[in-house]
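Chemist: This is work.tsv, which holds TSV, C-alpha atoms:
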```tsv
chain	number	residue	atom	x	y	z
G	1	MET	CA	114.33	68.39	111.65
G	2	LYS	CA	114.25	71.87	113.06
G	3	ARG	CA	112.09	74.56	111.65
G	4	SER	CA	114.03	76.70	109.24
G	5	LYS	CA	113.65	79.58	106.81
G	6	ILE	CA	115.42	80.71	103.71
G	7	ILE	CA	116.37	84.36	103.63
G	8	VAL	CA	117.58	86.42	100.71
G	9	ASN	CA	120.30	89.03	100.74
G	10	VAL	CA	119.04	91.14	97.85
G	11	GLU	CA	122.30	93.06	97.51
G	12	ARG	CA	124.13	89.88	96.59
G	13	CYS	CA	121.68	88.56	94.01
G	14	PHE	CA	122.72	89.35	90.45
G	15	ALA	CA	119.94	87.43	88.70
G	16	CYS	CA	122.06	84.64	87.21
G	17	ARG	CA	119.04	82.32	87.54
G	18	THR	CA	121.16	79.38	88.67
G	19	CYS	CA	118.67	78.75	91.46
G	20	GLU	CA	115.84	78.42	88.95
G	21	ILE	CA	117.64	75.79	86.90
G	22	GLU	CA	118.89	73.91	89.93
G	23	CYS	CA	115.43	73.94	91.51
G	24	ALA	CA	113.80	72.45	88.44
G	25	PHE	CA	116.58	69.91	87.89
G	26	SER	CA	116.66	68.67	91.46
G	27	HIS	CA	112.90	67.98	91.34
G	28	SER	CA	113.01	66.41	87.90
G	29	LYS	CA	112.96	62.68	87.33
G	30	LYS	CA	115.84	62.84	84.88
G	31	ASN	CA	119.39	62.19	86.08
G	32	ASN	CA	121.33	63.59	83.16
G	33	PHE	CA	121.56	67.38	83.27
G	34	PHE	CA	121.98	67.87	79.53
G	35	GLU	CA	119.02	65.67	78.75
G	36	PHE	CA	117.00	67.69	81.22
G	37	MET	CA	117.97	70.99	79.60
G	38	LYS	CA	116.97	69.72	76.17
G	39	ASN	CA	113.55	68.67	77.32
G	40	PRO	CA	112.71	69.94	80.82
G	41	ASP	CA	110.01	67.96	82.61
G	42	ARG	CA	109.65	70.29	85.55
G	43	PHE	CA	109.14	73.99	86.17
G	44	PRO	CA	111.21	75.88	88.73
G	45	SER	CA	109.29	76.88	91.85
G	46	VAL	CA	111.67	79.77	92.50
G	47	LYS	CA	111.54	82.71	90.13
G	48	ILE	CA	113.77	85.73	89.70
G	49	LYS	CA	111.64	88.85	89.61
G	50	LYS	CA	112.28	92.52	89.45
G	51	ILE	CA	110.58	94.47	92.16
G	52	GLU	CA	111.11	98.18	91.89
G	53	LYS	CA	114.87	98.61	92.14
G	54	PHE	CA	115.69	95.13	93.29
G	55	ILE	CA	116.04	91.78	91.65
G	56	THR	CA	115.22	88.92	93.93
G	57	PRO	CA	114.44	85.21	93.83
G	58	LEU	CA	110.83	84.68	94.87
G	59	ARG	CA	109.46	81.41	96.15
G	60	CYS	CA	106.73	80.20	98.46
G	61	LEU	CA	107.21	81.81	101.86
G	62	HIS	CA	105.41	79.04	103.76
G	63	CYS	CA	103.21	81.52	105.60
G	64	ASP	CA	102.25	80.97	109.22
G	65	PHE	CA	98.56	81.31	108.39
G	66	PRO	CA	98.41	80.22	104.76
G	67	SER	CA	95.25	81.23	102.98
G	68	CYS	CA	95.97	78.75	100.18
G	69	VAL	CA	95.58	75.89	102.65
G	70	ILE	CA	92.27	77.30	103.88
G	71	ILE	CA	90.82	77.68	100.40
G	72	CYS	CA	92.02	74.38	98.88
G	73	PRO	CA	88.80	72.39	98.32
G	74	THR	CA	90.43	68.95	98.20
G	75	GLY	CA	92.99	69.29	100.98
G	76	ALA	CA	95.83	68.89	98.50
G	77	LEU	CA	97.68	71.76	100.15
G	78	GLU	CA	98.61	71.19	103.76
G	79	LYS	CA	100.83	72.65	106.42
G	80	ASP	CA	102.96	69.94	107.99
G	81	GLU	CA	104.45	69.78	111.49
G	82	ASN	CA	107.62	71.58	110.40
G	83	GLY	CA	105.66	74.56	109.16
G	84	ILE	CA	106.14	73.71	105.50
G	85	VAL	CA	103.21	74.13	103.15
G	86	ILE	CA	103.27	70.98	101.05
G	87	ILE	CA	101.21	69.89	98.09
G	88	GLU	CA	100.00	66.41	97.26
G	89	GLU	CA	99.98	66.75	93.50
G	90	LYS	CA	97.72	63.75	92.94
G	91	LYS	CA	94.91	65.47	94.82
G	92	CYS	CA	95.16	68.79	92.98
G	93	ILE	CA	92.20	69.49	90.71
G	94	GLY	CA	93.59	72.69	89.26
G	95	CYS	CA	90.87	75.09	90.32
G	96	GLY	CA	93.54	77.74	90.76
G	97	MET	CA	92.01	79.30	93.86
G	98	CYS	CA	95.30	79.02	95.76
G	99	ALA	CA	96.93	81.20	93.12
G	100	ILE	CA	94.23	83.82	93.56
G	101	VAL	CA	94.40	84.03	97.33
G	102	CYS	CA	98.21	83.90	97.56
G	103	PRO	CA	99.14	87.36	98.86
G	104	TYR	CA	102.51	87.33	97.13
G	105	GLY	CA	101.38	86.04	93.75
G	106	ILE	CA	103.90	83.22	93.84
G	107	LEU	CA	101.71	80.12	93.68
G	108	ASN	CA	100.78	79.22	90.16
G	109	ILE	CA	99.34	76.40	88.15
G	110	ASN	CA	100.10	75.53	84.57
G	111	ARG	CA	96.88	74.63	82.79
G	112	ASP	CA	98.55	73.33	79.62
G	113	LYS	CA	100.97	70.95	81.31
G	114	LYS	CA	98.47	70.24	84.12
G	115	ILE	CA	100.95	70.81	86.89
G	116	HIS	CA	100.98	72.78	90.11
G	117	ILE	CA	104.16	74.74	90.66
G	118	LYS	CA	104.96	74.93	94.31
G	119	CYS	CA	108.09	75.09	96.46
G	120	ASP	CA	108.30	72.06	98.74
G	121	PHE	CA	111.27	73.41	100.73
G	122	CYS	CA	113.30	70.53	99.25
G	123	ILE	CA	111.92	68.22	101.88
G	124	GLU	CA	113.55	65.13	100.37
G	125	ARG	CA	116.96	66.79	100.41
G	126	LEU	CA	116.57	68.03	103.98
G	127	LYS	CA	115.90	64.47	105.10
G	128	LYS	CA	119.29	63.52	103.66
G	129	ASP	CA	120.93	66.46	105.50
G	130	MET	CA	121.44	68.44	102.30
G	131	LEU	CA	120.67	72.11	101.84
G	132	PRO	CA	117.78	73.14	99.58
G	133	ALA	CA	118.79	73.25	95.90
G	134	CYS	CA	118.42	77.01	95.50
G	135	VAL	CA	120.56	77.75	98.58
G	136	LEU	CA	123.29	75.30	97.68
G	137	SER	CA	123.52	76.40	94.06
G	138	CYS	CA	123.64	80.17	94.57
G	139	PRO	CA	127.14	81.19	93.40
G	140	ASN	CA	127.12	84.49	95.24
G	141	LYS	CA	125.57	83.14	98.44
G	142	ALA	CA	122.61	85.49	98.28
G	143	LEU	CA	120.32	82.83	99.69
G	144	LYS	CA	120.87	81.70	103.24
G	145	PHE	CA	119.39	78.81	105.13
G	146	VAL	CA	118.81	79.66	108.78
G	147	GLU	CA	117.18	77.98	111.71
G	148	PHE	CA	113.97	79.64	112.60
G	149	ARG	CA	113.70	81.98	115.57
G	150	GLU	CA	117.24	82.24	117.00
G	151	GLU	CA	119.40	82.96	113.98
G	152	TYR	CA	116.49	84.42	112.08
G	153	GLU	CA	115.78	86.96	114.79
G	154	LYS	CA	119.46	87.90	114.93
G	155	ILE	CA	119.54	88.74	111.25
G	156	ARG	CA	116.24	90.50	111.51
G	157	SER	CA	117.36	92.78	114.30
G	158	ARG	CA	120.61	93.71	112.58
V	1	MET	CA	88.33	47.68	111.54
V	2	LYS	CA	88.51	44.06	110.42
V	3	SER	CA	91.19	43.05	108.01
V	4	VAL	CA	91.51	40.38	105.35
V	5	GLU	CA	94.42	38.65	103.72
V	6	ILE	CA	94.68	38.98	99.97
V	7	ILE	CA	97.19	37.98	97.32
V	8	ILE	CA	97.97	40.62	94.73
V	9	ASP	CA	100.26	39.57	91.85
V	10	GLY	CA	101.73	36.89	94.11
V	11	ILE	CA	102.35	39.24	97.04
V	12	LYS	CA	100.54	38.35	100.26
V	13	LYS	CA	99.16	41.34	102.10
V	14	ILE	CA	96.86	42.00	105.00
V	15	VAL	CA	94.57	44.93	104.27
V	16	PRO	CA	91.64	46.57	106.03
V	17	LYS	CA	88.20	45.61	104.78
V	18	ARG	CA	86.44	47.71	102.15
V	19	ILE	CA	89.63	49.26	100.79
V	20	THR	CA	89.65	49.36	97.00
V	21	ILE	CA	91.98	47.21	94.90
V	22	LEU	CA	93.50	50.28	93.25
V	23	LYS	CA	94.59	51.69	96.60
V	24	ILE	CA	96.19	48.36	97.58
V	25	ALA	CA	98.02	48.29	94.25
V	26	GLN	CA	99.30	51.82	94.78
V	27	ASP	CA	100.58	50.87	98.25
V	28	VAL	CA	102.39	47.83	96.91
V	29	GLY	CA	103.73	49.80	93.94
V	30	ILE	CA	101.86	48.05	91.14
V	31	GLU	CA	100.83	50.36	88.34
V	32	ILE	CA	97.25	50.09	87.11
V	33	PRO	CA	96.27	52.37	84.21
V	34	THR	CA	93.38	54.73	84.95
V	35	LEU	CA	91.56	57.42	83.02
V	36	CYS	CA	88.54	58.30	85.13
V	37	TYR	CA	90.22	58.05	88.54
V	38	HIS	CA	91.35	61.02	90.61
V	39	SER	CA	92.42	60.61	94.21
V	40	ALA	CA	90.35	63.59	95.35
V	41	ILE	CA	87.15	62.40	93.66
V	42	GLU	CA	84.92	59.40	94.41
V	43	PRO	CA	85.71	56.53	92.01
V	44	TYR	CA	83.20	56.33	89.21
V	45	GLY	CA	84.29	53.29	87.17
V	46	ALA	CA	83.41	54.70	83.77
V	47	CYS	CA	86.51	54.09	81.70
V	48	ARG	CA	86.92	50.39	82.67
V	49	LEU	CA	90.64	50.64	81.98
V	50	CYS	CA	91.67	49.68	85.51
V	51	ILE	CA	90.17	46.23	85.02
V	52	VAL	CA	91.76	43.38	87.02
V	53	GLU	CA	91.13	39.68	87.48
V	54	ILE	CA	89.98	38.43	90.88
V	55	GLU	CA	89.68	34.84	91.99
V	56	ARG	CA	87.30	33.91	94.77
V	57	ASN	CA	86.67	30.26	95.72
V	58	GLY	CA	88.17	29.16	92.42
V	59	ARG	CA	85.94	31.39	90.33
V	60	LYS	CA	87.41	34.13	88.21
V	61	ARG	CA	85.84	37.51	87.60
V	62	TYR	CA	86.88	40.77	86.01
V	63	VAL	CA	86.23	43.93	88.00
V	64	THR	CA	87.30	47.55	87.92
V	65	ALA	CA	90.02	48.11	90.52
V	66	CYS	CA	89.08	51.71	91.29
V	67	ASN	CA	85.70	50.98	92.86
V	68	PHE	CA	85.89	47.35	93.97
V	69	PRO	CA	86.03	47.08	97.77
V	70	VAL	CA	87.83	44.02	99.13
V	71	GLU	CA	85.45	42.03	101.35
V	72	ASP	CA	86.99	38.59	101.74
V	73	GLU	CA	90.07	36.57	100.83
V	74	ILE	CA	90.67	36.99	97.12
V	75	LYS	CA	93.50	36.53	94.68
V	76	ILE	CA	94.13	39.49	92.38
V	77	GLU	CA	95.98	39.45	89.09
V	78	THR	CA	96.59	42.94	87.74
V	79	ASN	CA	98.67	42.30	84.68
V	80	ASN	CA	98.21	38.81	83.31
V	81	GLU	CA	97.50	37.85	79.72
V	82	ASN	CA	93.72	38.07	79.91
V	83	VAL	CA	93.71	41.43	81.67
V	84	VAL	CA	96.07	42.94	79.10
V	85	LYS	CA	93.87	41.55	76.34
V	86	ILE	CA	90.78	43.23	77.77
V	87	ARG	CA	92.63	46.48	78.35
V	88	LYS	CA	93.81	46.48	74.76
V	89	LEU	CA	90.24	46.03	73.58
V	90	ILE	CA	89.05	48.90	75.77
V	91	LEU	CA	91.81	51.11	74.40
V	92	GLU	CA	90.92	50.14	70.83
V	93	LEU	CA	87.34	51.19	71.47
V	94	LEU	CA	88.46	54.44	73.08
V	95	ILE	CA	90.64	55.19	70.07
V	96	ALA	CA	87.66	54.46	67.82
V	97	LYS	CA	85.87	57.21	69.74
V	98	VAL	CA	88.44	59.94	70.34
V	99	GLY	CA	91.63	58.95	68.50
V	100	TYR	CA	95.08	59.50	69.97
V	101	LYS	CA	94.62	62.19	72.59
V	102	GLY	CA	96.11	62.93	76.00
V	103	LYS	CA	96.28	59.97	78.33
V	104	VAL	CA	94.64	57.63	75.81
V	105	LYS	CA	97.65	58.18	73.56
V	106	GLU	CA	100.02	57.49	76.45
V	107	TYR	CA	98.41	54.17	77.28
V	108	ALA	CA	97.98	53.19	73.63
V	109	GLU	CA	101.72	53.54	73.20
V	110	LYS	CA	102.40	51.64	76.40
V	111	TYR	CA	100.17	48.70	75.45
V	112	GLU	CA	101.11	48.85	71.77
V	113	VAL	CA	97.55	49.10	70.56
V	114	GLU	CA	96.68	49.03	66.89
V	115	PRO	CA	93.52	50.88	65.81
V	116	ARG	CA	91.36	47.88	64.84
V	117	PHE	CA	88.12	49.87	64.71
V	118	GLY	CA	89.47	53.00	63.11
V	119	ILE	CA	90.45	56.34	64.63
V	120	GLY	CA	87.63	58.53	65.83
V	121	ASN	CA	87.43	62.26	66.13
V	122	ASP	CA	85.22	62.96	69.14
V	123	ASP	CA	86.67	65.04	71.94
V	124	CYS	CA	85.20	63.39	75.05
V	125	ILE	CA	85.47	59.85	76.46
V	126	LEU	CA	82.60	60.36	78.94
V	127	CYS	CA	84.76	59.51	81.94
V	128	GLY	CA	82.74	61.87	84.10
V	129	LEU	CA	85.70	63.49	85.89
V	130	CYS	CA	84.65	67.02	84.99
V	131	VAL	CA	81.07	66.41	86.07
V	132	ASN	CA	82.12	64.89	89.37
V	133	VAL	CA	84.73	67.50	90.20
V	134	CYS	CA	82.16	70.23	89.61
V	135	LYS	CA	79.56	68.50	91.75
V	136	GLU	CA	81.58	67.00	94.58
V	137	ILE	CA	84.46	69.37	95.12
V	138	ILE	CA	83.59	72.78	93.76
V	139	GLY	CA	79.97	72.14	94.68
V	140	VAL	CA	78.23	74.12	91.95
V	141	SER	CA	77.09	71.39	89.49
V	142	ALA	CA	77.32	73.65	86.48
V	143	ILE	CA	77.73	70.75	84.06
V	144	SER	CA	76.23	67.29	83.82
V	145	PHE	CA	75.65	64.38	81.49
V	146	SER	CA	72.72	64.79	79.15
V	147	GLN	CA	70.97	62.53	76.63
V	148	ARG	CA	71.22	58.72	76.61
V	149	GLY	CA	73.03	56.03	74.66
V	150	ILE	CA	75.29	57.14	71.86
V	151	GLU	CA	74.09	60.71	72.24
V	152	ARG	CA	75.30	60.95	75.84
V	153	LYS	CA	77.48	63.97	76.36
V	154	VAL	CA	78.75	66.48	78.88
V	155	SER	CA	76.89	69.74	78.68
V	156	SER	CA	75.46	72.65	80.58
V	157	PRO	CA	71.70	72.58	81.36
V	158	PHE	CA	69.81	72.67	78.02
V	159	GLU	CA	73.10	73.62	76.37
V	160	LYS	CA	72.57	77.19	77.41
V	161	GLU	CA	74.99	79.35	79.31
V	162	PRO	CA	75.45	77.69	82.74
V	163	THR	CA	74.36	80.26	85.28
V	164	ASN	CA	76.20	78.73	88.22
V	165	CYS	CA	79.56	78.11	86.52
V	166	ILE	CA	82.23	80.07	88.37
V	167	GLY	CA	84.92	79.62	85.73
V	168	CYS	CA	87.53	78.00	87.97
V	169	GLY	CA	88.73	75.69	85.21
V	170	ALA	CA	88.95	72.54	87.33
V	171	CYS	CA	87.01	70.58	84.70
V	172	SER	CA	89.65	71.46	82.15
V	173	PHE	CA	92.50	70.52	84.49
V	174	VAL	CA	91.23	67.04	85.38
V	175	CYS	CA	90.17	66.07	81.84
V	176	PRO	CA	92.35	63.16	80.66
V	177	VAL	CA	91.92	63.93	76.96
V	178	ASP	CA	92.02	67.77	77.02
V	179	ALA	CA	88.47	68.10	75.75
V	180	ILE	CA	87.70	71.26	77.72
V	181	LYS	CA	89.67	74.38	76.97
V	182	VAL	CA	89.68	77.56	79.00
V	183	GLU	CA	90.51	80.74	77.15
V	184	ASP	CA	90.73	84.32	78.34
V	185	ILE	CA	89.79	86.58	75.46
V	186	LYS	CA	89.68	90.31	76.15
V	187	ASN	CA	87.42	90.70	79.17
V	188	GLU	CA	85.71	87.32	78.99
V	189	ARG	CA	86.68	83.83	80.08
V	190	ILE	CA	85.31	81.42	77.51
V	191	ILE	CA	84.89	77.69	78.09
V	192	LYS	CA	83.57	76.68	74.70
V	193	LYS	CA	82.71	73.06	75.46
V	194	ILE	CA	80.14	74.00	78.10
V	195	ASN	CA	79.01	77.27	76.53
V	196	ALA	CA	80.30	79.32	79.44
V	197	LYS	CA	81.10	82.98	79.08
V	198	LEU	CA	82.23	84.77	82.20
V	199	GLU	CA	82.97	88.40	82.69
V	200	LEU	CA	86.45	89.06	84.03
V	201	GLU	CA	87.32	91.47	86.80
V	202	LYS	CA	90.06	93.98	86.11
V	203	CYS	CA	93.24	94.13	88.17
V	204	LYS	CA	93.10	97.17	90.40
V	205	ILE	CA	96.64	98.19	89.59
V	206	CYS	CA	97.38	97.32	85.95
V	207	GLN	CA	93.75	97.28	84.71
V	208	LYS	CA	94.28	93.95	82.96
V	209	PRO	CA	91.23	91.63	83.18
V	210	PHE	CA	92.31	88.40	84.88
V	211	ILE	CA	89.71	86.63	87.05
V	212	PRO	CA	85.97	85.88	86.66
V	213	LYS	CA	83.71	87.98	88.87
V	214	LYS	CA	81.79	84.91	89.99
V	215	LEU	CA	84.96	83.21	91.15
V	216	ILE	CA	85.73	86.17	93.40
V	217	GLU	CA	82.26	85.91	94.91
V	218	TYR	CA	82.75	82.17	95.46
V	219	ILE	CA	86.08	82.65	97.22
V	220	LYS	CA	84.74	85.49	99.35
V	221	ASN	CA	81.87	83.31	100.52
V	222	LYS	CA	84.19	80.43	101.26
V	223	LEU	CA	86.79	82.35	103.21
V	224	GLY	CA	84.44	84.60	105.09
V	225	ALA	CA	85.95	87.72	106.58
V	226	ASN	CA	89.30	86.44	107.80
V	227	VAL	CA	91.49	87.36	104.84
V	228	LEU	CA	92.44	90.66	103.29
V	229	LEU	CA	89.74	91.01	100.66
V	230	ASP	CA	91.54	93.22	98.22
V	231	ILE	CA	94.08	90.48	97.49
V	232	PHE	CA	91.68	88.95	94.98
V	233	LEU	CA	91.46	92.11	92.99
V	234	ILE	CA	95.16	92.31	92.18
V	235	CYS	CA	96.73	90.10	89.53
V	236	ASN	CA	99.72	87.89	90.29
V	237	GLU	CA	102.11	90.15	88.42
V	238	CYS	CA	101.17	93.18	90.49
V	239	LYS	CA	100.97	91.39	93.83
V	240	GLY	CA	104.73	91.12	94.19
V	241	LYS	CA	105.20	94.82	93.53
V	242	ASN	CA	102.40	95.76	95.88
V	243	TYR	CA	103.75	93.77	98.78
V	244	VAL	CA	107.32	94.90	98.32
V	245	ASP	CA	107.68	96.06	101.91
V	246	LYS	CA	106.96	92.61	103.22
V	247	LEU	CA	109.09	90.85	100.67
V	248	LEU	CA	112.27	92.80	101.21
V	249	PRO	CA	114.53	90.98	103.63
V	250	PHE	CA	115.66	92.89	106.61
V	251	SER	CA	119.31	92.25	105.87
V	252	LEU	CA	119.15	94.78	103.07
V	253	THR	CA	117.61	97.72	104.80
V	254	GLY	CA	118.80	96.89	108.27
V	255	GLY	CA	115.34	97.49	109.58
V	256	LYS	CA	115.39	101.11	108.39
V	257	LYS	CA	113.40	102.44	105.52
```
Please, can you express the file's structure as structure tokens?
Modeler:
Amino acid sequence: MKRSKIIVNVERCFACRTCEIECAFSHSKKNNFFEFMKNPDRFPSVKIKKIEKFITPLRCLHCDFPSCVIICPTGALEKDENGIVIIEEKKCIGCGMCAIVCPYGILNINRDKKIHIKCDFCIERLKKDMLPACVLSCPNKALKFVEFREEYEKIRSR
Amino acid sequence: MKSVEIIIDGIKKIVPKRITILKIAQDVGIEIPTLCYHSAIEPYGACRLCIVEIERNGRKRYVTACNFPVEDEIKIETNNENVVKIRKLILELLIAKVGYKGKVKEYAEKYEVEPRFGIGNDDCILCGLCVNVCKEIIGVSAISFSQRGIERKVSSPFEKEPTNCIGCGACSFVCPVDAIKVEDIKNERIIKKINAKLELEKCKICQKPFIPKKLIEYIKNKLGANVLLDIFLICNECKGKNYVDKLLPFSLTGGKK
């Protein structure tokens, strides 16, 4: 697998929140969509937020030097060889320090449900050669999945 | 490392020495119920729910899977009649102490346990997860077991305000029966169970109190000087707005501002 990034074209996002639902559903254990909607067992790790004038889907950016990985006292958060910051949920003790040091305020834990909400870059789907759930589901193609460096730099320099 | 051959529920497996039975079971995909086990914390063996039957040289014994290291060739039964019987008894006793709460309720439903000894109303099962997480992983030891026998309980030193509690809330997160509750009321974080009251720091932008001052100190000490320090002083809501320049993709502005 090559190293990739997800980029957002903010102009195209109209906050339909399809990515949120699809993200939660694709990580859920339930197979039936209607059953899932009645009683969701998973939180979305992508969130639509309004930032000044723009509305944009926010998710973990998988930083190059992630401070959450440095602070995690149990080593539950790790950066793997593909540059993805992954969480081993079993090891999480819920101290919430990752949420405090996250510079974008995206990482979060839910104390009531005892769950850590974190984007895993849809690693299971990528192994099956599928696009991440949020990218695939976006009806207006605001989210784009690009290979890191070459294509990414092209878009960046535009 | 030397390895030994064991039989677990009829499956032959070669495992390294001194690995615990619970870890072998997880590898094979056998589910063993646990209350006081957490993969980040040293096994403590307090709840006894992970009990399994081992057979060595024709002799049978019952041990807790979470902290029993495999030393020689043994036969393990994780789910036979006797084991289920013992587990049911343990669950009955737990229900007599705390009633149907959290994970105890889950397992009681799974094993179809009837409350033979009544339904209790305590809040804690004395599994020791909160104590161990505070000691081993956070490293502050703000809470501990006190008293002996039936009076044994989790508390802060002398049941006074724990001076070294940083208010991270890990004890509340790992608790299997939700005994510890963390509440943010006005400008104080209150953890009632352990008598902790922590002053909250205000967000620099929206002025809303959101994080204990001691927790900031703890994180600063741990990270040293290699991270932007003012990140801690901004709440999650405001962070996104503050870092808007970085968040905006370049496709929108075309690199111009």
Chemist: Residues near G:Cys16, anyone? I mean within 12 Å using all atoms listed in the file, not counting same-chain ones fewer than 5 positions away, as a short mmCIF file (atom, residue, chain, number, x, y, z; two decimals) with C-alpha atoms, in the coordinates of the input.
Modeler:
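Contents of part_4.cif, freshly written:
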```cif
data_model
loop_
_atom_site.label_atom_id
_atom_site.label_comp_id
_atom_site.auth_asym_id
_atom_site.auth_seq_id
_atom_site.Cartn_x
_atom_site.Cartn_y
_atom_site.Cartn_z
CA ILE G 21 117.64 75.79 86.90
CA GLU G 22 118.89 73.91 89.93
CA LYS G 47 111.54 82.71 90.13
CA ILE G 48 113.77 85.73 89.70
CA LYS G 49 111.64 88.85 89.61
CA ILE G 55 116.04 91.78 91.65
CA THR G 56 115.22 88.92 93.93
CA PRO G 57 114.44 85.21 93.83
CA CYS G 134 118.42 77.01 95.50
CA SER G 137 123.52 76.40 94.06
CA CYS G 138 123.64 80.17 94.57
CA PRO G 139 127.14 81.19 93.40
CA ASN G 140 127.12 84.49 95.24
CA LYS G 141 125.57 83.14 98.44
CA ALA G 142 122.61 85.49 98.28
#
```
Chemist: Against chain V, which residues of chain G fall within 8 Å? For each one I want the closest pair of atoms and the distance in Å (one decimal), counting only C-alpha atoms, rows by chain and increasing residue number, as a Markdown table.
Modeler:
```
| residue | atom | partner | partner_atom | distance |
| --- | --- | --- | --- | --- |
| G:Ile7 | CA | V:Pro249 | CA | 6.9 |
| G:Val8 | CA | V:Pro249 | CA | 6.2 |
| G:Asn9 | CA | V:Ser251 | CA | 6.1 |
| G:Val10 | CA | V:Leu252 | CA | 6.4 |
| G:Glu11 | CA | V:Leu252 | CA | 6.6 |
| G:Ile51 | CA | V:Lys241 | CA | 5.6 |
| G:Glu52 | CA | V:Lys241 | CA | 7.0 |
| G:Ser67 | CA | V:Val227 | CA | 7.4 |
| G:Ile70 | CA | V:Leu223 | CA | 7.5 |
| G:Ile71 | CA | V:Leu223 | CA | 6.8 |
| G:Pro73 | CA | V:Ile137 | CA | 6.2 |
| G:Thr74 | CA | V:Ala40 | CA | 6.1 |
| G:Lys90 | CA | V:Ser39 | CA | 6.3 |
| G:Lys91 | CA | V:Ala40 | CA | 5.0 |
| G:Cys92 | CA | V:Ala40 | CA | 7.5 |
| G:Ile93 | CA | V:Ala170 | CA | 5.6 |
| G:Gly94 | CA | V:Ala170 | CA | 5.0 |
| G:Cys95 | CA | V:Ala170 | CA | 4.4 |
| G:Gly96 | CA | V:Cys168 | CA | 6.6 |
| G:Met97 | CA | V:Cys168 | CA | 7.5 |
| G:Ala99 | CA | V:Asn236 | CA | 7.8 |
| G:Ile100 | CA | V:Phe232 | CA | 5.9 |
| G:Val101 | CA | V:Phe232 | CA | 6.1 |
| G:Cys102 | CA | V:Ile231 | CA | 7.8 |
| G:Pro103 | CA | V:Ile231 | CA | 6.1 |
| G:Tyr104 | CA | V:Gly240 | CA | 5.3 |
| G:Gly105 | CA | V:Asn236 | CA | 4.3 |
| G:Ile106 | CA | V:Asn236 | CA | 7.2 |
| G:Arg111 | CA | V:Phe173 | CA | 6.2 |
| G:Lys114 | CA | V:Phe173 | CA | 6.0 |
| G:Ile155 | CA | V:Ser251 | CA | 6.4 |
| G:Arg156 | CA | V:Phe250 | CA | 5.5 |
| G:Ser157 | CA | V:Gly255 | CA | 7.0 |
| G:Arg158 | CA | V:Gly254 | CA | 5.7 |
```
Chemist: In terms of the shortest atom-to-atom distance over all atoms listed in the file, which of V:Pro157, V:Gly29, V:Gly102, V:Gly10 is closest to V:Cys124?
Modeler: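 Looking only at the distances to V:Cys124, the closest residue turns out to be V:Gly102.
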Chemist: My list of candidates is V:Ile21, V:Ala108, V:Val131, V:Leu49. Which is closest to V:Lys75 when distances are computed with only C-alpha atoms?
Modeler: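 Residue with the minimum atom-to-atom distance to V:Lys75: V:Ile21.
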Chemist: Quote the spacing between atom CA of V:Arg152 and atom CA of V:Cys127 in Å to one decimal place.
Modeler: 11.3 Å
Chemist: When you draw a straight line from atom CA of V:Ala179 to atom CA of V:Val98, how long is it in Å?
Modeler: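 Going from atom CA of V:Ala179 over to atom CA of V:Val98 covers 9.8 Å.
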Chemist: For stretch 201-211 of chain V, supply N, CA and C atoms and report the output as a PDB file, in the frame of the given file.
Modeler:
```pdb
ATOM      1  N   GLU V 201      87.091  90.282  85.981  1.00  0.00           N
ATOM      2  CA  GLU V 201      87.320  91.470  86.800  1.00  0.00           C
ATOM      3  C   GLU V 201      88.689  92.053  86.433  1.00  0.00           C
ATOM      4  N   LYS V 202      88.779  93.369  86.460  1.00  0.00           N
ATOM      5  CA  LYS V 202      90.060  93.980  86.110  1.00  0.00           C
ATOM      6  C   LYS V 202      90.954  94.079  87.338  1.00  0.00           C
ATOM      7  N   CYS V 203      92.268  93.941  87.088  1.00  0.00           N
ATOM      8  CA  CYS V 203      93.240  94.130  88.170  1.00  0.00           C
ATOM      9  C   CYS V 203      93.210  95.586  88.595  1.00  0.00           C
ATOM     10  N   LYS V 204      93.240  95.803  89.892  1.00  0.00           N
ATOM     11  CA  LYS V 204      93.100  97.170  90.400  1.00  0.00           C
ATOM     12  C   LYS V 204      94.290  98.041  90.039  1.00  0.00           C
ATOM     13  N   ILE V 205      95.437  97.402  89.839  1.00  0.00           N
ATOM     14  CA  ILE V 205      96.640  98.190  89.590  1.00  0.00           C
ATOM     15  C   ILE V 205      96.920  98.342  88.096  1.00  0.00           C
ATOM     16  N   CYS V 206      96.988  97.205  87.367  1.00  0.00           N
ATOM     17  CA  CYS V 206      97.380  97.320  85.950  1.00  0.00           C
ATOM     18  C   CYS V 206      96.176  97.332  85.005  1.00  0.00           C
ATOM     19  N   GLN V 207      94.971  97.195  85.524  1.00  0.00           N
ATOM     20  CA  GLN V 207      93.750  97.280  84.710  1.00  0.00           C
ATOM     21  C   GLN V 207      93.582  96.141  83.713  1.00  0.00           C
ATOM     22  N   LYS V 208      94.396  95.082  83.883  1.00  0.00           N
ATOM     23  CA  LYS V 208      94.280  93.950  82.960  1.00  0.00           C
ATOM     24  C   LYS V 208      93.208  92.992  83.507  1.00  0.00           C
ATOM     25  N   PRO V 209      92.214  92.592  82.683  1.00  0.00           N
ATOM     26  CA  PRO V 209      91.230  91.630  83.180  1.00  0.00           C
ATOM     27  C   PRO V 209      91.870  90.272  83.427  1.00  0.00           C
ATOM     28  N   PHE V 210      91.585  89.645  84.571  1.00  0.00           N
ATOM     29  CA  PHE V 210      92.310  88.400  84.880  1.00  0.00           C
ATOM     30  C   PHE V 210      91.509  87.339  85.626  1.00  0.00           C
ATOM     31  N   ILE V 211      90.397  87.661  86.266  1.00  0.00           N
ATOM     32  CA  ILE V 211      89.710  86.630  87.050  1.00  0.00           C
ATOM     33  C   ILE V 211      88.195  86.825  86.949  1.00  0.00           C
TER      34      ILE V 211
END
```
